[in-house]
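This is query-v6.cif. It holds mmCIF, C-alpha atoms and all ligand atoms.
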data_entry
#
loop_
_atom_site.label_atom_id
_atom_site.label_comp_id
_atom_site.auth_asym_id
_atom_site.auth_seq_id
_atom_site.Cartn_x
_atom_site.Cartn_y
_atom_site.Cartn_z
CA MET A 1 39.87 -26.02 -79.05
CA LEU A 2 40.80 -26.60 -75.42
CA SER A 3 39.02 -25.48 -72.29
CA ARG A 4 39.65 -26.16 -68.61
CA ARG A 5 37.25 -26.32 -65.68
CA LEU A 6 38.26 -26.11 -62.05
CA THR A 7 36.19 -28.43 -59.82
CA TRP A 8 36.54 -27.32 -56.18
CA GLY A 9 34.52 -30.15 -54.69
CA THR A 10 35.68 -33.02 -56.83
CA ALA A 11 39.10 -34.58 -57.13
CA THR A 12 40.10 -35.39 -60.69
CA GLY A 13 43.02 -37.66 -59.78
CA SER A 14 46.77 -37.22 -59.63
CA LEU A 15 47.38 -40.19 -61.91
CA GLN A 16 45.78 -39.77 -65.32
CA SER A 17 45.86 -41.67 -68.58
CA GLY A 18 47.82 -40.57 -71.62
CA MET A 19 44.73 -40.76 -73.83
CA PRO A 20 41.25 -39.29 -73.44
CA ALA A 21 38.88 -42.03 -72.26
CA MET A 22 35.55 -40.18 -71.92
CA GLY A 23 33.70 -37.45 -73.73
CA ILE A 24 30.55 -35.34 -73.72
CA SER A 25 28.42 -35.84 -76.81
CA HIS A 26 26.18 -32.85 -77.48
CA TRP A 27 25.81 -33.09 -81.24
CA ASN A 28 22.76 -32.43 -83.46
CA ASP A 29 22.13 -29.12 -81.69
CA GLY A 30 22.64 -26.69 -84.55
CA PRO A 31 25.21 -23.99 -83.84
CA THR A 32 25.85 -25.23 -80.31
CA SER A 33 26.77 -28.77 -81.35
CA VAL A 34 29.81 -29.91 -79.40
CA PHE A 35 31.64 -33.18 -78.93
CA ALA A 36 34.10 -32.67 -76.07
CA GLU A 37 36.68 -35.22 -75.03
CA ILE A 38 37.73 -35.09 -71.42
CA ALA A 39 41.44 -34.91 -72.10
CA PRO A 40 44.13 -35.94 -69.61
CA PHE A 41 45.96 -33.37 -67.50
CA PRO A 42 48.75 -35.64 -66.24
CA THR A 43 50.66 -33.32 -63.92
CA GLY A 44 51.14 -36.00 -61.24
CA ILE A 45 49.43 -33.86 -58.58
CA GLU A 46 45.79 -33.28 -57.72
CA MET A 47 44.68 -30.26 -59.80
CA ARG A 48 40.87 -30.59 -59.43
CA THR A 49 40.84 -29.65 -63.10
CA ASN A 50 39.21 -31.17 -66.15
CA VAL A 51 40.63 -30.42 -69.59
CA TYR A 52 38.29 -30.59 -72.57
CA LEU A 53 39.10 -30.89 -76.23
CA ALA A 54 36.01 -29.58 -78.01
CA ILE A 55 35.02 -30.38 -81.59
CA THR A 56 32.34 -28.04 -82.94
CA ASP A 57 30.28 -27.51 -86.09
CA ASN A 58 31.93 -24.27 -87.20
CA ASP A 59 31.04 -23.34 -90.81
CA ASN A 60 34.19 -21.28 -91.29
CA LEU A 61 36.92 -22.76 -93.44
CA ALA A 62 40.49 -21.58 -93.62
CA SER A 63 42.32 -21.14 -96.91
CA PHE A 64 45.88 -21.41 -98.11
CA THR A 65 47.12 -18.86 -100.63
CA TRP A 66 50.44 -18.45 -102.36
CA ASN A 67 52.04 -15.08 -101.69
CA LYS A 68 54.18 -14.24 -104.73
CA ASP A 69 55.95 -11.41 -102.91
CA THR A 70 57.13 -13.47 -99.96
CA GLN A 71 57.25 -16.70 -102.02
CA ASP A 72 55.46 -18.43 -99.18
CA VAL A 73 52.14 -20.12 -98.43
CA GLU A 74 49.84 -18.17 -96.12
CA LEU A 75 47.09 -19.63 -93.95
CA GLY A 76 43.94 -17.52 -93.85
CA TRP A 77 42.43 -18.07 -90.41
CA THR A 78 41.50 -15.42 -87.87
CA THR A 79 40.47 -15.47 -84.24
CA GLN A 80 37.07 -14.17 -85.35
CA MET A 81 36.62 -17.34 -87.41
CA SER A 82 36.99 -19.33 -84.17
CA ALA A 83 34.17 -17.39 -82.49
CA PRO A 84 31.39 -19.87 -83.42
CA SER A 85 33.44 -22.66 -81.82
CA VAL A 86 34.04 -20.63 -78.66
CA ASN A 87 30.36 -19.67 -78.46
CA ALA A 88 29.16 -23.27 -78.92
CA THR A 89 31.58 -24.63 -76.34
CA LYS A 90 30.79 -21.88 -73.85
CA ALA A 91 27.03 -22.43 -74.27
CA VAL A 92 27.37 -26.11 -73.39
CA PHE A 93 29.89 -25.69 -70.57
CA ASP A 94 28.01 -22.76 -69.00
CA ARG A 95 25.13 -25.21 -68.53
CA ILE A 96 27.41 -27.89 -67.10
CA ASN A 97 29.00 -25.40 -64.70
CA ALA A 98 25.57 -24.10 -63.63
CA ALA A 99 24.42 -27.65 -62.87
CA ASN A 100 27.58 -28.35 -60.86
CA PRO A 101 28.08 -25.64 -58.23
CA GLY A 102 31.75 -25.14 -57.37
CA THR A 103 33.00 -25.53 -60.93
CA PHE A 104 34.56 -22.64 -62.83
CA TYR A 105 36.50 -21.96 -65.99
CA ARG A 106 40.24 -21.71 -65.40
CA THR A 107 41.78 -18.65 -66.99
CA ASP A 108 45.27 -19.10 -65.55
CA LEU A 109 46.51 -21.87 -67.82
CA PHE A 110 46.32 -20.63 -71.40
CA GLU A 111 48.12 -17.66 -72.84
CA GLY A 112 46.20 -14.38 -72.69
CA ARG A 113 44.23 -15.73 -69.67
CA LYS A 114 41.79 -17.32 -72.09
CA ALA A 115 39.28 -19.92 -70.91
CA PHE A 116 39.04 -21.24 -74.48
CA THR A 117 41.94 -21.62 -76.89
CA ASP A 118 40.75 -19.89 -80.05
CA TYR A 119 44.24 -20.01 -81.57
CA PHE A 120 44.88 -23.72 -81.69
CA THR A 121 43.60 -27.03 -83.07
CA TYR A 122 44.57 -30.64 -82.50
CA HIS A 123 42.84 -31.60 -85.72
CA PRO A 124 43.88 -29.61 -88.78
CA LEU A 125 42.26 -31.03 -91.93
CA GLY A 126 42.27 -30.03 -95.58
CA GLY A 127 44.78 -28.33 -97.83
CA ALA A 128 44.85 -30.79 -100.74
CA VAL A 129 41.20 -31.76 -100.97
CA LEU A 130 40.24 -35.10 -102.50
CA GLY A 131 38.66 -34.64 -105.92
CA GLU A 132 39.77 -30.97 -106.10
CA ALA A 133 43.53 -30.78 -105.64
CA THR A 134 43.81 -34.50 -106.41
CA ASP A 135 41.93 -37.14 -108.35
CA LEU A 136 39.66 -39.51 -106.42
CA ASN A 137 42.66 -41.69 -105.49
CA GLY A 138 44.78 -38.86 -104.07
CA GLU A 139 47.08 -38.30 -107.07
CA VAL A 140 47.81 -34.58 -107.31
CA ASN A 141 46.31 -32.85 -110.35
CA GLY A 142 49.01 -31.99 -112.85
CA ALA A 143 51.72 -33.88 -110.93
CA PRO A 144 51.58 -37.57 -111.93
CA GLY A 145 53.26 -39.79 -109.36
CA LEU A 146 52.74 -37.35 -106.48
CA PHE A 147 50.19 -38.75 -104.01
CA VAL A 148 48.50 -37.16 -101.00
CA LEU A 149 47.19 -39.78 -98.59
CA ASP A 150 46.58 -37.95 -95.33
CA GLY A 151 44.26 -35.59 -93.49
CA SER A 152 44.71 -32.85 -96.05
CA LEU A 153 42.33 -34.75 -98.37
CA ILE A 154 39.39 -33.99 -96.05
CA PRO A 155 37.64 -30.73 -96.99
CA GLY A 156 36.56 -29.61 -93.52
CA ARG A 157 35.37 -30.57 -90.06
CA ILE A 158 33.96 -34.06 -89.62
CA GLY A 159 32.57 -33.72 -86.10
CA VAL A 160 34.71 -36.43 -84.54
CA ASN A 161 38.38 -37.16 -84.01
CA PRO A 162 39.73 -37.69 -87.51
CA PHE A 163 42.38 -40.37 -87.28
CA VAL A 164 40.23 -43.38 -88.22
CA THR A 165 38.60 -41.46 -91.10
CA ILE A 166 42.01 -40.39 -92.40
CA THR A 167 43.20 -43.99 -92.26
CA ALA A 168 40.07 -45.24 -94.04
CA ILE A 169 40.43 -42.67 -96.85
CA ALA A 170 44.11 -43.53 -97.28
CA GLN A 171 43.21 -47.22 -97.43
CA ARG A 172 40.49 -46.53 -99.99
CA CYS A 173 42.88 -44.50 -102.14
CA MET A 174 45.51 -47.25 -101.99
CA ASP A 175 42.91 -49.84 -103.02
CA GLY A 176 41.96 -47.63 -105.98
CA LEU A 177 45.57 -47.03 -107.00
CA LEU A 178 46.43 -50.73 -106.84
CA ALA A 179 43.27 -51.73 -108.71
CA ALA A 180 44.15 -49.20 -111.41
CA GLY A 181 47.60 -50.79 -111.74
CA ARG A 182 49.16 -47.49 -110.78
CA PHE A 183 52.26 -49.17 -109.33
CA ALA A 184 52.46 -52.10 -111.73
C1 LIG B 1 48.15 -34.50 -79.05
C2 LIG B 1 47.23 -35.05 -80.12
C3 LIG B 1 46.30 -36.00 -79.79
C4 LIG B 1 45.45 -36.51 -80.76
N1 LIG B 1 44.55 -37.47 -80.41
C5 LIG B 1 43.75 -37.99 -81.35
C6 LIG B 1 42.84 -39.04 -81.01
O1 LIG B 1 42.74 -39.49 -79.85
N2 LIG B 1 42.05 -39.53 -82.01
C7 LIG B 1 42.11 -39.06 -83.29
O2 LIG B 1 41.35 -39.52 -84.14
N3 LIG B 1 42.97 -38.08 -83.63
C8 LIG B 1 43.81 -37.55 -82.70
N4 LIG B 1 44.68 -36.56 -83.03
C9 LIG B 1 44.74 -36.11 -84.43
C10 LIG B 1 45.49 -37.13 -85.30
O3 LIG B 1 46.71 -37.49 -84.66
C11 LIG B 1 45.79 -36.49 -86.66
O4 LIG B 1 44.57 -36.01 -87.22
C12 LIG B 1 46.40 -37.52 -87.61
O5 LIG B 1 47.57 -38.09 -87.07
C13 LIG B 1 46.75 -36.83 -88.91
O6 LIG B 1 47.25 -37.82 -89.79
P1 LIG B 1 48.03 -37.42 -91.08
O7 LIG B 1 48.46 -38.70 -91.72
O8 LIG B 1 47.23 -36.45 -91.88
O9 LIG B 1 49.29 -36.58 -90.57
P2 LIG B 1 50.41 -36.97 -89.50
O10 LIG B 1 49.98 -38.11 -88.62
O11 LIG B 1 50.80 -35.67 -88.85
O12 LIG B 1 51.59 -37.51 -90.41
C14 LIG B 1 52.42 -36.62 -91.11
C15 LIG B 1 53.78 -37.30 -91.20
O13 LIG B 1 54.57 -36.60 -92.14
C16 LIG B 1 55.86 -36.45 -91.61
N5 LIG B 1 56.45 -35.29 -92.28
C17 LIG B 1 56.17 -33.99 -92.11
N6 LIG B 1 56.90 -33.22 -92.91
C18 LIG B 1 57.68 -34.07 -93.63
C19 LIG B 1 58.65 -33.88 -94.63
N7 LIG B 1 58.96 -32.66 -95.10
N8 LIG B 1 59.25 -34.96 -95.14
C20 LIG B 1 58.93 -36.20 -94.71
N9 LIG B 1 58.01 -36.44 -93.76
C21 LIG B 1 57.39 -35.39 -93.23
C22 LIG B 1 55.65 -36.27 -90.13
O14 LIG B 1 56.83 -36.59 -89.42
C23 LIG B 1 54.53 -37.29 -89.87
O15 LIG B 1 55.01 -38.59 -89.61
C24 LIG B 1 45.54 -36.04 -82.09
C25 LIG B 1 46.48 -35.07 -82.43
C26 LIG B 1 47.32 -34.59 -81.45
C27 LIG B 1 48.36 -33.56 -81.85
#

As structure tokens, how would this structure be written, given the file I've shared?
Amino acid sequence: MLSRRLTWGTATGSLQSGMPAMGISHWNDGPTSVFAEIAPFPTGIEMRTNVYLAITDNDNLASFTWNKDTQDVELGWTTQMSAPSVNATKAVFDRINAANPGTFYRTDLFEGRKAFTDYFTYHPLGGAVLGEATDLNGEVNGAPGLFVLDGSLIPGRIGVNPFVTITAIAQRCMDGLLAAGRFA
């Protein structure tokens, strides 16, 4: 989820990188575990604003179901299921704000005047879980020759940005498929 803090006293720079370069690691703290990247906000003008991309340890998992009536896949995720993530992030950033007088949550940047985006993720994972929807090399059960080698193999949150883990799992699956002579 995203959050934004306004820092009256401190400039955050008009020129910003395209990639997050720093983060706040507050893991191993039970329900208020948070790893928050300080994400860029490259508007080209001084905004005195920090943007955070928070990863939390939310137990809730979404589900996909097939709706026979609409002949479509439906994602089961509600705003209420995001509440543990909002609560964890708020608990950590309330403390940071309290320790830094002159900093506030911005509520003028996200839809619904929300300080925390509870309707959005940068990091969707799961959907065709390794060893459940597929075999241990990513070949879809009941569909020989159809392979899933992406983030949908991961069953849930991993507590960090997922790209390297996704790449490692894909590499591992490819090694297994090649060793099994799957493409011989
Ligand atoms: C703005 C942003 C910043 C991020 N920053 C980071 C970061 O710093 N570090 C990190 O670890 N993660 C980051 N992530 C998350 C990371 O990018 C994703 O978790 C990762 O790319 C997912 O990999 P994937 O292979 O599962 O899917 P994707 O990388 O999304 O690959 C899916 C591919 O399938 C293609 N595709 C879709 N539909 C079809 C179709 N019908 N037919 C053919 N092709 C199709 C798409 O074009 C795409 O190329 C970021 C995500 C976003 C959105």

What does the distance between atom CA of Ile55 of chain A and atom CA of Phe35 of chain A come to in Å, to one decimal place?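 Those two atoms sit 5.1 Å apart.
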
Find the nearest atom pair between each residue of chain A and ligand LIG 1 (chain B) for residues within 12 Å, count only C-alpha atoms and all ligand atoms, give distances in Å to one decimal, sort rows by chain and ascending number, and present the table as CSV.
residue,atom,partner,partner_atom,distance
A:Met1,CA,B:LIG1,C26,11.6
A:Leu2,CA,B:LIG1,C1,11.4
A:Ser17,CA,B:LIG1,O1,11.9
A:Gly18,CA,B:LIG1,C3,9.5
A:Met19,CA,B:LIG1,O1,6.5
A:Pro20,CA,B:LIG1,O1,6.6
A:Ala21,CA,B:LIG1,O1,8.9
A:Met22,CA,B:LIG1,O1,10.7
A:Gly23,CA,B:LIG1,O1,11.1
A:Ala36,CA,B:LIG1,O1,11.6
A:Glu37,CA,B:LIG1,O1,8.8
A:Ile38,CA,B:LIG1,O1,10.7
A:Ala39,CA,B:LIG1,O1,9.1
A:Pro40,CA,B:LIG1,C1,10.4
A:Phe41,CA,B:LIG1,C1,11.8
A:Leu53,CA,B:LIG1,N1,9.5
A:Ala54,CA,B:LIG1,N1,11.9
A:Ile55,CA,B:LIG1,N3,11.3
A:Phe120,CA,B:LIG1,C27,10.4
A:Thr121,CA,B:LIG1,C27,8.2
A:Tyr122,CA,B:LIG1,C25,4.8
A:His123,CA,B:LIG1,O4,5.0
A:Pro124,CA,B:LIG1,O4,6.6
A:Leu125,CA,B:LIG1,O4,7.2
A:Gly126,CA,B:LIG1,O8,8.9
A:Gly127,CA,B:LIG1,O8,10.4
A:Ala128,CA,B:LIG1,O8,10.8
A:Val129,CA,B:LIG1,O8,11.9
A:Val148,CA,B:LIG1,O8,9.2
A:Leu149,CA,B:LIG1,O7,7.1
A:Asp150,CA,B:LIG1,O8,3.8
A:Gly151,CA,B:LIG1,O8,3.5
A:Ser152,CA,B:LIG1,O8,6.1
A:Leu153,CA,B:LIG1,O8,8.3
A:Ile154,CA,B:LIG1,O8,9.2
A:Arg157,CA,B:LIG1,O4,11.1
A:Ile158,CA,B:LIG1,O2,10.7
A:Gly159,CA,B:LIG1,O2,10.7
A:Val160,CA,B:LIG1,O2,7.3
A:Asn161,CA,B:LIG1,O2,3.8
A:Pro162,CA,B:LIG1,O2,4.2
A:Phe163,CA,B:LIG1,O2,3.4
A:Val164,CA,B:LIG1,O2,5.7
A:Thr165,CA,B:LIG1,O2,7.7
A:Ile166,CA,B:LIG1,O6,6.4
A:Thr167,CA,B:LIG1,O7,7.5
A:Ala168,CA,B:LIG1,O7,10.9
A:Ile169,CA,B:LIG1,O7,10.3
A:Ala170,CA,B:LIG1,O7,8.6
A:Gln171,CA,B:LIG1,O7,11.5

Centre, x/y/z edge lengths, axis-aligned box for segment 136-151 of chain A with 4 Å per side, as AutoDock Vina command-line options:
--center_x 46.5 --center_y -36.8 --center_z -103.2 --size_x 21.6 --size_y 17.7 --size_z 27.4

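Each of A:Thr12, A:Asn60, A:Thr7, A:Asn50 was compared to Thr79 of chain A using only C-alpha atoms, and A:Asn60 turns out to be the nearest.
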
Here is a test: counting only C-alpha atoms, which residue of A:Ala11, A:Ala143, A:Leu136, A:Leu61 is nearest to Gly176 of chain A?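 Closest to Gly176 of chain A, using only C-alpha atoms: A:Leu136.
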
Distance in Å - atom CA of Asn100 of chain A versus atom CA of Gly9 of chain A: 9.5 Å

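Among A:Asn28, A:Arg5, A:Thr134, A:Glu139, the residue with the shortest atom-to-atom distance to Ile96 of chain A, counting all atoms listed in the file, is A:Arg5.
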
With all atoms listed in the file as the counted atoms, please give the residues lying no more than 10 Å from Thr65 of chain A, apart from itself and same-chain residues fewer than 4 positions off, as a PDB file with C-alpha atoms, keeping the file's coordinate frame.
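And here is the file that came out, selection_33.pdb:
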ATOM      1  CA  ASP A  72      55.460 -18.430 -99.180  1.00  0.00           C
ATOM      2  CA  VAL A  73      52.140 -20.120 -98.430  1.00  0.00           C
ATOM      3  CA  GLU A  74      49.840 -18.170 -96.120  1.00  0.00           C
ATOM      4  CA  LEU A  75      47.090 -19.630 -93.950  1.00  0.00           C
ATOM      5  CA  GLY A  76      43.940 -17.520 -93.850  1.00  0.00           C
TER       6      GLY A  76
END

For Thr10 of chain A, find every residue with an atom within 9 Å (counting all atoms listed in the file), except residues of its own chain fewer than 6 positions away, and show them as an mmCIF file with C-alpha atoms, in the coordinates of the input.
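Once written, around_38.cif looks like this:
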data_model
loop_
_atom_site.group_PDB
_atom_site.id
_atom_site.type_symbol
_atom_site.label_atom_id
_atom_site.label_comp_id
_atom_site.auth_asym_id
_atom_site.auth_seq_id
_atom_site.Cartn_x
_atom_site.Cartn_y
_atom_site.Cartn_z
ATOM 1 C CA ARG A 48 40.870 -30.590 -59.430
ATOM 2 C CA THR A 49 40.840 -29.650 -63.100
ATOM 3 C CA GLY A 102 31.750 -25.140 -57.370
ATOM 4 C CA THR A 103 33.000 -25.530 -60.930
#

So how many Å separate atom CA of Trp27 of chain A and atom CA of Ser3 of chain A, to one decimal?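 Those two atoms sit 17.7 Å apart.
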
As a PDB file with C-alpha atoms, in the coordinates of the input, please: the residues near Arg106 of chain A (cut-off 7 Å, only C-alpha atoms, same-chain neighbours under 5 positions excluded).
ATOM      1  CA  ARG A   4      39.650 -26.160 -68.610  1.00  0.00           C
ATOM      2  CA  ARG A   5      37.250 -26.320 -65.680  1.00  0.00           C
ATOM      3  CA  LEU A   6      38.260 -26.110 -62.050  1.00  0.00           C
ATOM      4  CA  ALA A 115      39.280 -19.920 -70.910  1.00  0.00           C
TER       5      ALA A 115
END

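The closest residue to Ser85 of chain A, picked from A:Val34, A:Ala98, A:Leu146, A:Ala179 and counting all atoms listed in the file, is A:Val34.
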
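Each of A:Ala99, A:Val92, A:Met47, A:Leu109 was compared to Gly13 of chain A using only C-alpha atoms, and A:Met47 turns out to be the nearest.
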
Could you add whatever atoms are missing so that segment 80-105 of chain A carries N, CA and C atoms, then write the result as a compact mmCIF listing (two decimals), keeping the file's coordinate frame?
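Saved as selection.txt:
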# COMPACT_ATOMS: atom_id res chain seq x y z
N GLN A 80 38.52 -14.36 -85.17
CA GLN A 80 37.07 -14.17 -85.35
C GLN A 80 36.42 -15.42 -85.95
N MET A 81 37.17 -16.13 -86.79
CA MET A 81 36.62 -17.34 -87.41
C MET A 81 36.46 -18.47 -86.38
N SER A 82 37.15 -18.35 -85.25
CA SER A 82 36.99 -19.33 -84.17
C SER A 82 35.80 -19.02 -83.28
N ALA A 83 35.23 -17.82 -83.42
CA ALA A 83 34.17 -17.39 -82.49
C ALA A 83 33.00 -18.37 -82.42
N PRO A 84 32.50 -18.92 -83.55
CA PRO A 84 31.39 -19.87 -83.42
C PRO A 84 31.76 -21.09 -82.56
N SER A 85 33.01 -21.51 -82.63
CA SER A 85 33.44 -22.66 -81.82
C SER A 85 33.48 -22.29 -80.34
N VAL A 86 34.00 -21.09 -80.06
CA VAL A 86 34.04 -20.63 -78.66
C VAL A 86 32.61 -20.50 -78.12
N ASN A 87 31.73 -19.89 -78.93
CA ASN A 87 30.36 -19.67 -78.46
C ASN A 87 29.64 -20.98 -78.19
N ALA A 88 29.83 -21.96 -79.09
CA ALA A 88 29.16 -23.27 -78.92
C ALA A 88 29.69 -23.95 -77.66
N THR A 89 31.00 -23.95 -77.50
CA THR A 89 31.58 -24.63 -76.34
C THR A 89 31.16 -23.96 -75.05
N LYS A 90 31.17 -22.62 -75.05
CA LYS A 90 30.79 -21.88 -73.85
C LYS A 90 29.31 -22.15 -73.50
N ALA A 91 28.46 -22.20 -74.52
CA ALA A 91 27.03 -22.43 -74.27
C ALA A 91 26.81 -23.77 -73.56
N VAL A 92 27.54 -24.78 -73.99
CA VAL A 92 27.37 -26.11 -73.39
C VAL A 92 28.00 -26.15 -72.00
N PHE A 93 29.21 -25.60 -71.86
CA PHE A 93 29.89 -25.69 -70.57
C PHE A 93 29.34 -24.70 -69.54
N ASP A 94 28.72 -23.63 -69.96
CA ASP A 94 28.01 -22.76 -69.00
C ASP A 94 26.91 -23.58 -68.32
N ARG A 95 26.21 -24.39 -69.10
CA ARG A 95 25.13 -25.21 -68.53
C ARG A 95 25.69 -26.26 -67.58
N ILE A 96 26.80 -26.87 -67.97
CA ILE A 96 27.41 -27.89 -67.10
C ILE A 96 27.90 -27.25 -65.81
N ASN A 97 28.53 -26.09 -65.91
CA ASN A 97 29.00 -25.40 -64.70
C ASN A 97 27.82 -25.02 -63.81
N ALA A 98 26.73 -24.52 -64.43
CA ALA A 98 25.57 -24.10 -63.63
C ALA A 98 24.96 -25.28 -62.88
N ALA A 99 25.01 -26.46 -63.50
CA ALA A 99 24.42 -27.65 -62.87
C ALA A 99 25.36 -28.27 -61.84
N ASN A 100 26.59 -27.79 -61.78
CA ASN A 100 27.58 -28.35 -60.86
C ASN A 100 28.23 -27.23 -60.05
N PRO A 101 27.53 -26.76 -59.01
CA PRO A 101 28.08 -25.64 -58.23
C PRO A 101 29.51 -25.95 -57.76
N GLY A 102 30.35 -24.93 -57.78
CA GLY A 102 31.75 -25.14 -57.37
C GLY A 102 32.66 -25.43 -58.54
N THR A 103 32.13 -25.35 -59.76
CA THR A 103 33.00 -25.53 -60.93
C THR A 103 33.09 -24.20 -61.68
N PHE A 104 34.28 -23.93 -62.18
CA PHE A 104 34.56 -22.64 -62.83
C PHE A 104 35.49 -22.88 -64.01
N TYR A 105 35.49 -21.94 -64.95
CA TYR A 105 36.50 -21.96 -65.99
C TYR A 105 37.83 -21.53 -65.39
